[in-house]
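As structure tokens, the structure follows; a few thoughts come after it.
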Amino acid sequence: MPRAFLIVMDSVGIGGAPDAERFFNGEVPDTGANTLGHIAAACAEGCAEDGRSGPLHLPHLDALGLGAALRLASGARGEGMDADPVGLWGAAEEVSPGKDTPSGHWELAGLPVPWDWSYFPKANPAFPDEIVAEVTRLAGTDGILGNEHASGTEIIARLGETHQATGWPICYTSADSVFQIAAHEESFGLDRLLRLCADLAPMLHARRVGRVIARPFTGTPGAYARTQNRHDYAMEPPGRTLLDWVEEAGRETRSLGKIRDIFAGRGAGHVTTGTDRELMGHLADCVAEAAEGSLTFANFVEFDSLYGHRRDVSGYAAHLEWFDAAIAPILAALRPDDLMILTADHGNDPTWTGTDHTRERVPVVAKGPYSGQIGLRAFADVGASVAAHLGVASDGPGTSFLMGNDVRL
């Protein structure tokens with residue numbers, strides 16, 4: 001029985017979204033943003049030399065069709081990415097009215113988001129009084145710190161000492177539909193932070209704020225560091241997704257990285273978290289051990305969290321090159337009837353203004369029993385195609401691209 005592996009390279013967009021002018025970083029529309037294309041150009045121009053050097057080198061992803069997908073989506077030529085694809089390849093574009101993590105993942109799993117998310121204004125204070133009152137009630141404090149749009153690492157460095165002195169949680173948001181709470185694991189308590197976020201989440205979800213995120217940290221003033229104990233309390237998907245389809249068919253599901261949090265635990269099955277490097281090892285284990293007919297759904301978040309938002313071109317390029325080298329033996333270990341699709345949920349162009357995601361098309365490249373060009377597709381077609389490969393029923397709007405005119409078995 002065939003198996004499927006759906007791998008999200010978080011934020012590895014390839015430009016070209018037809019509605020990019022409706023999405024902004026500050027006052028600048030996302031028109032022309034191209035995460036992969038601009039990284040490749042910076043590398044070719046010698047502008048991404050911190051910790052790596054030379055043109056972007058992604059031979060294994062390019063062989064599957066990554067460079068071809070980039071050209072299809074945006075017309076950009078990635079320097080050194082000109083292989084004649086041997087995999088299944090194309091690009092996908094989103095219809096959901098957001099460029100955030102839940103929207104992208106839900107739609108890839110066959111469920112476009114039917115609403116606009118709620119966002120907090122770029123004002124100080126950013127949060128309405130009733131939300132602040134609920135946080136203080138649940139936390140048992142006299143107030144909160146922050147109450148603004150901020151970078152997580154910056155606001156912890158700036159307010160961490162005051163937080164430890166007062167016990168007040170640090171609350172902040174971003175251009176995403178999120179409410180984030182940072183607190184010290186020892187002086188505030190990790191369990192207390194997680195309980196606070198879990199108890200607050202229903203109020204925020206009712207307002208269509210997509211996620212409440214616990215951001216624990218440790219250390220001392222001047223040397224604070226966030227830990228791996230982050231937890232996202234996401235709104236539950238408003239309908240059935242690929243994970244539900246597979247679970248309801250009695251098949252095994254495995255979730256790597258943020259997948260459990262993004263789907264509020266629904267259909268998540270066996271869950272593994274960790275750094276991207278740790279997850280790559282777990283993905284190799286899944287290829288070796290996952291049951292017949294199973295789905296493994298993975299999110300590699302560090303492209304986005306460590307390099308895209310921080311506008312670190314060299315770091316993003318180096319991470320792409322690490323991923324390409326690390327995925328190669330895993331691709332080679334796939335069984336003949338396995339299907340591994342590599343895609344993304346949105347863009348986060350590190351050469352762009354601001355710090356927010358960018359509205360882009362995403363690559364869809366795959367190794368498995370199929371090869372050829374799938375063209376420009378909908379995000380939801382990815383979930384429909386995985387379901388078709390596994391032989392499970394799907395009820396979303398997507399259409400499988402596995403039997404297209406240009407697809408070969």
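Each chain in the structure tokens gets a letter, A, B and so on, in the order shown; residues start at 1 in every chain, and ligands are counted from 1 in the order they appear.
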**Asked** Among segment 93-309 of chain A, which ones does DSSP place in helix (DSSP H, G or I), written as a PyMOL selection string?
**Response** chain A and resi 101-108+129-139+152-166+185-206+242-248+259-262+276-289+302-308
**Message:** I want to know what sits within 6 Å of Arg230 of chain A, based on only C-alpha atoms, with residues of the same chain fewer than 2 positions away left out; could you give that as a list of chain:residue names?
**Reply:**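 Contacts, with the query itself left out: A:Ala214, A:Arg215, A:Gln228.
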Output file for the residues above (N, CA and C atoms, as a compact mmCIF listing (two decimals), in the first residue's frame):
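File written: result17.txt
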# COMPACT_ATOMS: atom_id res chain seq x y z
N ALA A 214 2.67 30.55 23.20
CA ALA A 214 3.52 30.61 24.39
C ALA A 214 4.98 30.69 23.96
N ARG A 215 5.69 31.69 24.47
CA ARG A 215 7.08 31.92 24.08
C ARG A 215 7.98 31.89 25.32
N GLN A 228 12.99 25.64 23.30
CA GLN A 228 12.25 24.82 22.36
C GLN A 228 10.85 24.46 22.86
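Proximity to segment 8-17 of chain A at 7 Å, evaluated using only C-alpha atoms and with sequence-adjacent residues fewer than 3 positions away removed, yields Ala20, Gly32, Ala33, Asn34, Thr35, Leu36, Gly37, Leu70, Ala73, Ser74, Glu93, Ala298, Asn299, Phe300, Val301, Phe303, Asp304, Leu342, Thr343, Ala344, Asp345, His346, Gly347, Asn348, Arg359, Glu360, Arg361, Val362 and Pro363 of chain A.
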Keeping only C-alpha atoms, write those residues as an mmCIF file, in the first residue's frame.
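Listing of result-v5.cif after writing:
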data_model
loop_
_atom_site.group_PDB
_atom_site.id
_atom_site.type_symbol
_atom_site.label_atom_id
_atom_site.label_comp_id
_atom_site.auth_asym_id
_atom_site.auth_seq_id
_atom_site.Cartn_x
_atom_site.Cartn_y
_atom_site.Cartn_z
ATOM 1 C CA ALA A 20 0.380 40.286 -4.125
ATOM 2 C CA GLY A 32 7.644 41.579 -6.759
ATOM 3 C CA ALA A 33 8.629 39.689 -3.604
ATOM 4 C CA ASN A 34 10.373 36.409 -4.436
ATOM 5 C CA THR A 35 11.957 34.514 -1.566
ATOM 6 C CA LEU A 36 13.880 31.876 -3.525
ATOM 7 C CA GLY A 37 14.544 34.048 -6.573
ATOM 8 C CA LEU A 70 10.646 29.133 -9.905
ATOM 9 C CA ALA A 73 5.816 30.857 -11.067
ATOM 10 C CA SER A 74 7.638 34.141 -11.540
ATOM 11 C CA GLU A 93 -1.126 29.696 -5.413
ATOM 12 C CA ALA A 298 6.154 17.767 8.377
ATOM 13 C CA ASN A 299 6.883 21.461 8.838
ATOM 14 C CA PHE A 300 10.471 22.751 8.740
ATOM 15 C CA VAL A 301 9.980 26.152 10.349
ATOM 16 C CA PHE A 303 13.593 29.006 7.114
ATOM 17 C CA ASP A 304 10.839 31.325 8.345
ATOM 18 C CA LEU A 342 7.962 19.265 -0.957
ATOM 19 C CA THR A 343 6.180 22.615 -0.912
ATOM 20 C CA ALA A 344 5.728 25.787 1.161
ATOM 21 C CA ASP A 345 2.938 27.689 2.888
ATOM 22 C CA HIS A 346 3.785 31.305 1.904
ATOM 23 C CA GLY A 347 6.854 33.443 1.262
ATOM 24 C CA ASN A 348 9.146 35.399 3.587
ATOM 25 C CA ARG A 359 2.403 36.796 -0.541
ATOM 26 C CA GLU A 360 3.893 34.406 -3.121
ATOM 27 C CA ARG A 361 3.274 31.282 -5.114
ATOM 28 C CA VAL A 362 5.006 28.201 -3.724
ATOM 29 C CA PRO A 363 6.889 25.313 -5.317
#
**Item:** Given only C-alpha atoms as the counted atoms, nearest of A:Thr253, A:Thr273, A:Thr218, A:Thr355 to Val28 of chain A
**Value:**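 Smallest separation from Val28 of chain A among the options: A:Thr355.
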**Non-local contacts of segment 142-156 of chain A (6 Å; only C-alpha atoms; under 5 positions in same chain excluded) as a PyMOL selection string** = chain A and resi 124-126+136+168-174
Please, could you write that set of residues out with C-alpha atoms as a PDB file, in the first residue's frame?
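The resulting out16.pdb:
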ATOM      1  CA  ASN A 124       0.660  51.377  21.371  1.00  0.00           C
ATOM      2  CA  PRO A 125      -1.179  49.904  23.170  1.00  0.00           C
ATOM      3  CA  ALA A 126      -2.096  47.269  20.580  1.00  0.00           C
ATOM      4  CA  THR A 136      -4.213  39.691  34.035  1.00  0.00           C
ATOM      5  CA  TRP A 168       3.948  40.417  34.623  1.00  0.00           C
ATOM      6  CA  PRO A 169       3.750  38.453  31.335  1.00  0.00           C
ATOM      7  CA  ILE A 170       5.206  40.026  28.186  1.00  0.00           C
ATOM      8  CA  CYS A 171       2.451  40.286  25.571  1.00  0.00           C
ATOM      9  CA  TYR A 172       3.055  41.218  21.947  1.00  0.00           C
ATOM     10  CA  THR A 173       1.900  40.578  18.400  1.00  0.00           C
ATOM     11  CA  SER A 174       3.114  40.798  14.821  1.00  0.00           C
TER      12      SER A 174
END
**Item:** Close residues, segment 393-402 of chain A itself excluded, 10 Å, only C-alpha atoms, min 4 positions apart in chain, as a ChimeraX atom specification
**Value:** /A:88,90,107-112,239-242,244-246,248-249,369-375,377-389,406-409
**Request:** Using atom CA of Ala234 of chain A and atom CA of His205 of chain A as the two end points, give the distance in Å to one decimal.
**Result:** 7.9 Å
